[in-house]
Amino acid sequence: MGVTVLRNASVLDPKAGELAEGQSVVVDGGQIADVGPGLSVPDDAVTLDVGGRTVMPGLIDAHTHPAIVDADIFAMAEWSPTYVAARAGRALEGMLSRGFTTIRDVGAGEHGLARAVEEGYFTGPRIRYGGKQLSQTGGAGDWRAPSRQVYDDNYYSPAIGVICDGVPEVRRAVREEVRRGAHHIKVYLSGAVDSPSDRVDSTQFSIEELNAIVEEATAANIYVTGHAYTSRAINRGLECGVRCIEHGNLMDASSIPLFKQYGAFYVPTIVTYQTLARKSAAGELPADIAGKLEDVIHGAIRALELAHEAGIPIVYGTDLFADMHDQQLQEFVIRAEVQPPADLIRSATSTAAELLRMVGQVGVVAPGAFADLLVVDGNPLQDIRVLTTPERTLKLIMKSGEIYKNEL
Ligand SMILES: [Zn+2]
């Protein structure tokens with residue numbers, strides 16, 4: 001891979017929330033080598049004139065499940081993992097085509113999928129993965145029907161969770177994920193919408209178990225992120241050292257001081273609830289799941305307002321699965337009710353990079369970063385919607401210096 005230079009670029013700096021016009025971006029191999037006006041490059045460099053368009057870092061979706069490939073998730077859990085991986089590959093390619101060059105997988109995706117992308121067997125975003133979500137018996141990752149006794153603990157069956165109870169078992173579960181190269185550990189702090197036998201207002205795992213999970217993750221220099229809806233579940237997670245909260249739809253003001261005290265991140269995933277609600281209205285959801293959806297959907301915007309007004313670091317996440325991935329950019333539109341465009345862009349670039357512990361590598365157009373670049377027709381700092389029509393407004397997608405799409 002030689003040198004490529006993007007000329008005549010308006011480079012978007014997410015942190016500053018500004019565009020710098022008349023810039024060149026020099027890409028050498030998989031990384032950005034230089035950014036500035038009038039840079040010189042070798043004679044054999046490939047030159048792309050972007051015509052004054054916006055050049056911004058590739059987007060980051062911090063809550064994805066590319067390996068949840070079917071709406072019938074309980075049936076899918078008994079499918080062949082190779083078949084599921086093949087379908088996950090299709091989902092990953094869709095994400096890259098929307099401008100997502102890095103994703104965080106928070107359940108079901110694992111090291112094999114990340115490696116397949118890394119080595120070019122699948123086309124898709126770079127994957128930061130946590131493996132399976134840790135769940136207590138009867139918790140949100142326990143997908144057995146209530147009448148089923150036997151649990152298939154084959155790690156490579158395509159279920160979302162691994163069941164562990166008690167301090168020794170949760171320690172082993174974390175150590176197993178660390179052994180497989182996990183970048184983080186995901187834990188169910190409360191019930192979920194899509195699980196067969198728990199309640200969204202429950203708390204899950206004991207304090208002793210949560211402390212052990214965080215201790216093991218910290219020993220491996222990775223962090224724990226927690227699925228939770230209510231402040232009751234959020235607060236006990238944060239107090240045990242969980243560094244990020246997913247969903248948080250029913251959060252109240254009592255969680256805000258804890259987010260601040262622990263420097264924790266918040267990843268709302270509103271688009272998945274709105275998409276599921278449309279399916280529910282069309283009669284496409286089982287009644288028990290539709291009922292749980294009703295419990296959580298109304299608080300989502302209020303929770304986002306609370307976090308935004310308090311200045312909590314908010315990260316872009318979508319939580320879409322199966323055939324819903326085409327809604328991945330709509331989270332921008334939904335959150336635009338609350339957050340200005342510069343904040344939305346930060347949530348999917350620089351703030352996401354902080355959560356992923358990849359500052360300087362992703363979410364920024366600067367020397368030393370991965371050459372993950374988008375060329376956008378329009379200024380997303382003025383109108384976030386220019387990011388939501390990639391087929392028209394996304395003119396170039398580059399990941400690690402490789403061009404995936406070029407319509408310049
Ligand atoms: Zn999720």
# chains A, B, ... in the order shown; residues from 1 in each chain; ligands from 1

$ residues_around --residues "segment 194-197 of chain A" --least-positions-apart "3" --cutoff "10 Å" --atoms "only C-alpha atoms" --output "ChimeraX atom specification"
/A:73-74,138-146,191,200,285-286,288-290,292-293

$ write_last_selection --atoms "C-alpha atoms" --output "PDB file, in the first residue's frame"
ATOM      1  CA  ILE A  73     -32.992 -15.152  18.552  1.00  0.00           C
ATOM      2  CA  PHE A  74     -33.817 -18.276  20.542  1.00  0.00           C
ATOM      3  CA  GLY A 138     -32.587 -16.597  34.881  1.00  0.00           C
ATOM      4  CA  GLY A 139     -30.938 -13.324  33.893  1.00  0.00           C
ATOM      5  CA  ALA A 140     -31.141 -11.529  30.599  1.00  0.00           C
ATOM      6  CA  GLY A 141     -28.552 -13.747  28.925  1.00  0.00           C
ATOM      7  CA  ASP A 142     -30.301 -16.948  29.976  1.00  0.00           C
ATOM      8  CA  TRP A 143     -32.284 -17.678  26.827  1.00  0.00           C
ATOM      9  CA  ARG A 144     -33.854 -20.924  28.020  1.00  0.00           C
ATOM     10  CA  ALA A 145     -37.623 -21.048  27.953  1.00  0.00           C
ATOM     11  CA  PRO A 146     -38.916 -21.382  31.529  1.00  0.00           C
ATOM     12  CA  GLY A 191     -33.358  -7.598  32.950  1.00  0.00           C
ATOM     13  CA  VAL A 200     -36.627  -5.074  33.123  1.00  0.00           C
ATOM     14  CA  LEU A 285     -43.295  -9.163  18.229  1.00  0.00           C
ATOM     15  CA  PRO A 286     -44.294 -11.821  20.774  1.00  0.00           C
ATOM     16  CA  ASP A 288     -44.340 -10.701  26.349  1.00  0.00           C
ATOM     17  CA  ILE A 289     -41.550  -8.846  24.541  1.00  0.00           C
ATOM     18  CA  ALA A 290     -43.971  -6.172  23.270  1.00  0.00           C
ATOM     19  CA  LYS A 292     -41.540  -5.195  28.145  1.00  0.00           C
ATOM     20  CA  LEU A 293     -40.813  -2.810  25.275  1.00  0.00           C
TER      21      LEU A 293
END

$ residues_near_ligand --ligand "ligand 1" --cutoff "8 Å" --atoms "only C-alpha atoms and all ligand atoms" --output "ChimeraX atom specification"
/A:63-65,106-107,227,246,318-320

$ atom_distance --atom1 "atom CA of Asp13 of chain A" --atom2 "atom CA of Gly99 of chain A"
16.7 Å

$ closest_atom_pairs --of "segment 330-349 of chain A" --to "segment 294-313 of chain A" --cutoff "8 Å" --atoms "only C-alpha atoms" --output "Markdown table"
| residue | atom | partner | partner_atom | distance |
| --- | --- | --- | --- | --- |
| A:Arg335 | CA | A:Ile301 | CA | 7.8 |
| A:Val338 | CA | A:Glu305 | CA | 6.2 |
| A:Gln339 | CA | A:His308 | CA | 7.2 |
| A:Ser347 | CA | A:Pro313 | CA | 7.8 |

$ write_last_selection --atoms "N, CA, C and O atoms" --output "PDB file, in the first residue's frame"
ATOM      1  N   ARG A 335     -31.533  11.439  18.272  1.00  0.00           N
ATOM      2  CA  ARG A 335     -30.835  12.204  19.320  1.00  0.00           C
ATOM      3  C   ARG A 335     -30.754  13.693  18.998  1.00  0.00           C
ATOM      4  O   ARG A 335     -30.523  14.511  19.890  1.00  0.00           O
ATOM      5  N   VAL A 338     -32.320  16.330  21.038  1.00  0.00           N
ATOM      6  CA  VAL A 338     -31.727  16.731  22.316  1.00  0.00           C
ATOM      7  C   VAL A 338     -30.340  17.346  22.132  1.00  0.00           C
ATOM      8  O   VAL A 338     -30.003  18.333  22.768  1.00  0.00           O
ATOM      9  N   GLN A 339     -29.525  16.740  21.265  1.00  0.00           N
ATOM     10  CA  GLN A 339     -28.118  17.128  21.169  1.00  0.00           C
ATOM     11  C   GLN A 339     -27.833  17.892  19.879  1.00  0.00           C
ATOM     12  O   GLN A 339     -28.324  17.514  18.810  1.00  0.00           O
ATOM     13  N   SER A 347     -19.946  12.059  19.787  1.00  0.00           N
ATOM     14  CA  SER A 347     -20.408  10.792  20.380  1.00  0.00           C
ATOM     15  C   SER A 347     -20.013   9.598  19.514  1.00  0.00           C
ATOM     16  O   SER A 347     -19.813   8.500  20.029  1.00  0.00           O
TER      17      SER A 347
END

$ residues_around --residues "Asn406 of chain A" --least-positions-apart "3" --cutoff "10 Å" --atoms "only C-alpha atoms" --output "compact mmCIF listing (two decimals) with N, CA and C atoms, in the first residue's frame"
# COMPACT_ATOMS: atom_id res chain seq x y z
N LEU A 48 -6.27 12.29 -4.61
CA LEU A 48 -7.72 12.37 -4.72
C LEU A 48 -8.13 13.81 -4.40
N LEU A 374 -13.86 9.48 5.99
CA LEU A 374 -15.07 9.64 5.19
C LEU A 374 -14.99 10.97 4.46
N VAL A 375 -15.40 10.98 3.20
CA VAL A 375 -15.59 12.23 2.48
C VAL A 375 -17.10 12.43 2.32
N LEU A 394 -22.21 10.19 1.00
CA LEU A 394 -20.93 9.64 1.42
C LEU A 394 -20.14 9.27 0.16
N LYS A 395 -19.15 10.10 -0.16
CA LYS A 395 -18.48 9.96 -1.46
C LYS A 395 -17.26 9.04 -1.38
N LEU A 396 -16.67 8.94 -0.21
CA LEU A 396 -15.52 8.06 -0.07
C LEU A 396 -15.52 7.44 1.32
N ILE A 397 -15.23 6.15 1.36
CA ILE A 397 -15.06 5.45 2.65
C ILE A 397 -13.71 4.75 2.60
N MET A 398 -12.85 5.11 3.55
CA MET A 398 -11.53 4.49 3.65
C MET A 398 -11.39 3.91 5.05
N ILE A 403 -9.46 1.80 0.39
CA ILE A 403 -10.67 2.46 -0.07
C ILE A 403 -11.76 1.42 -0.30

$ atom_distance --atom1 "atom CA of Val224 of chain A" --atom2 "atom CA of Val242 of chain A"
5.1 Å

$ select_by_dssp --residues "segment 18-164 of chain A" --states "helix (DSSP H, G or I)" --output "NGL selection string"
:A and (73-76 or 81-97 or 111-118)

$ closest_residue --among "A:Thr101, A:Gln31, A:Ser24, A:Ser10" --to "Tyr404 of chain A" --atoms "only C-alpha atoms"
A:Thr101

$ residues_around --residues "segment 179-187 of chain A" --least-positions-apart "2" --cutoff "6 Å" --atoms "only C-alpha atoms" --output "ChimeraX atom specification"
/A:128-130,133-134,176-177,222-226

$ write_last_selection --atoms "C-alpha atoms" --output "compact mmCIF listing (two decimals), in the first residue's frame"
# COMPACT_ATOMS: atom_id res chain seq x y z
CA ARG A 128 -13.71 -4.38 19.54
CA TYR A 129 -15.36 -7.35 21.20
CA GLY A 130 -16.23 -8.63 24.63
CA GLN A 133 -22.45 -11.22 27.99
CA LEU A 134 -22.20 -12.44 31.56
CA GLU A 176 -12.26 -17.07 29.78
CA GLU A 177 -13.16 -13.89 27.88
CA ILE A 222 -9.89 -3.98 30.45
CA TYR A 223 -13.15 -2.45 31.62
CA VAL A 224 -16.67 -3.63 32.37
CA THR A 225 -19.75 -2.26 30.64
CA GLY A 226 -23.22 -2.93 31.98

$ atom_distance --atom1 "atom CA of Glu216 of chain A" --atom2 "atom CA of Pro257 of chain A"
25.4 Å

$ residues_around --residues "Ile334 of chain A" --least-positions-apart "3" --cutoff "10 Å" --atoms "only C-alpha atoms" --output "PDB file with N, CA, C and O atoms, in the first residue's frame"
ATOM      1  N   ILE A 270     -31.481   4.336  21.448  1.00  0.00           N
ATOM      2  CA  ILE A 270     -32.917   4.611  21.321  1.00  0.00           C
ATOM      3  C   ILE A 270     -33.497   4.021  20.034  1.00  0.00           C
ATOM      4  O   ILE A 270     -34.638   3.574  20.000  1.00  0.00           O
ATOM      5  N   VAL A 271     -32.704   3.990  18.976  1.00  0.00           N
ATOM      6  CA  VAL A 271     -33.241   3.568  17.682  1.00  0.00           C
ATOM      7  C   VAL A 271     -33.751   2.134  17.721  1.00  0.00           C
ATOM      8  O   VAL A 271     -34.752   1.812  17.063  1.00  0.00           O
ATOM      9  N   GLN A 274     -37.305   2.188  19.099  1.00  0.00           N
ATOM     10  CA  GLN A 274     -38.280   2.763  18.163  1.00  0.00           C
ATOM     11  C   GLN A 274     -38.534   1.809  16.994  1.00  0.00           C
ATOM     12  O   GLN A 274     -39.660   1.699  16.505  1.00  0.00           O
ATOM     13  N   ILE A 301     -35.841   9.209  25.789  1.00  0.00           N
ATOM     14  CA  ILE A 301     -35.441  10.579  25.444  1.00  0.00           C
ATOM     15  C   ILE A 301     -35.158  11.384  26.721  1.00  0.00           C
ATOM     16  O   ILE A 301     -34.207  12.157  26.791  1.00  0.00           O
ATOM     17  N   LEU A 329     -28.103   4.599  11.142  1.00  0.00           N
ATOM     18  CA  LEU A 329     -27.792   6.040  11.169  1.00  0.00           C
ATOM     19  C   LEU A 329     -28.941   6.869  11.739  1.00  0.00           C
ATOM     20  O   LEU A 329     -28.781   8.070  11.982  1.00  0.00           O
ATOM     21  N   GLN A 330     -30.095   6.240  11.965  1.00  0.00           N
ATOM     22  CA  GLN A 330     -31.257   6.984  12.455  1.00  0.00           C
ATOM     23  C   GLN A 330     -31.107   7.419  13.915  1.00  0.00           C
ATOM     24  O   GLN A 330     -31.816   8.313  14.385  1.00  0.00           O
ATOM     25  N   GLU A 331     -30.187   6.781  14.643  1.00  0.00           N
ATOM     26  CA  GLU A 331     -29.938   7.228  16.018  1.00  0.00           C
ATOM     27  C   GLU A 331     -29.505   8.702  16.028  1.00  0.00           C
ATOM     28  O   GLU A 331     -29.840   9.452  16.950  1.00  0.00           O
ATOM     29  N   GLU A 337     -33.000  15.608  18.509  1.00  0.00           N
ATOM     30  CA  GLU A 337     -34.025  16.298  19.311  1.00  0.00           C
ATOM     31  C   GLU A 337     -33.400  16.931  20.550  1.00  0.00           C
ATOM     32  O   GLU A 337     -33.911  17.899  21.090  1.00  0.00           O
ATOM     33  N   VAL A 338     -32.320  16.330  21.038  1.00  0.00           N
ATOM     34  CA  VAL A 338     -31.727  16.731  22.316  1.00  0.00           C
ATOM     35  C   VAL A 338     -30.340  17.346  22.132  1.00  0.00           C
ATOM     36  O   VAL A 338     -30.003  18.333  22.768  1.00  0.00           O
ATOM     37  N   GLN A 339     -29.525  16.740  21.265  1.00  0.00           N
ATOM     38  CA  GLN A 339     -28.118  17.128  21.169  1.00  0.00           C
ATOM     39  C   GLN A 339     -27.833  17.892  19.879  1.00  0.00           C
ATOM     40  O   GLN A 339     -28.324  17.514  18.810  1.00  0.00           O
TER      41      GLN A 339
END

$ residues_around --residues "Glu402 of chain A" --least-positions-apart "4" --cutoff "10 Å" --atoms "only C-alpha atoms" --output "VMD selection string"
chain A and resid 1 4 27 29 to 31 371 to 373 397 to 398

$ closest_residue --among "A:Arg7, A:Arg199, A:Arg87, A:Lys405" --to "Asp34 of chain A" --atoms "only C-alpha atoms"
A:Arg7

$ residues_around --residues "segment 382-388 of chain A" --least-positions-apart "3" --cutoff "12 Å" --atoms "only C-alpha atoms" --output "JSON, numbers by chain"
{"A": [12, 17, 18, 19, 53, 54, 55, 56, 58, 59, 97, 98, 99, 100, 326, 327, 328, 329, 330, 331, 332, 333, 334, 335, 336, 337, 339, 340, 341, 342, 343, 344, 345, 346, 348, 374, 375, 376, 377, 378, 379, 391, 392, 393, 394, 395]}

$ closest_residue --among "A:Glu208, A:Asp201, A:Asp49, A:Glu78" --to "Pro158 of chain A" --atoms "only C-alpha atoms"
A:Glu78

$ closest_residue --among "A:Tyr262, A:Tyr229, A:Tyr316, A:Phe122" --to "Thr351 of chain A" --atoms "only C-alpha atoms"
A:Tyr316

$ closest_residue --among "A:Gly166, A:Gly161, A:Gly248, A:Gly94" --to "Leu210 of chain A" --atoms "only C-alpha atoms"
A:Gly166
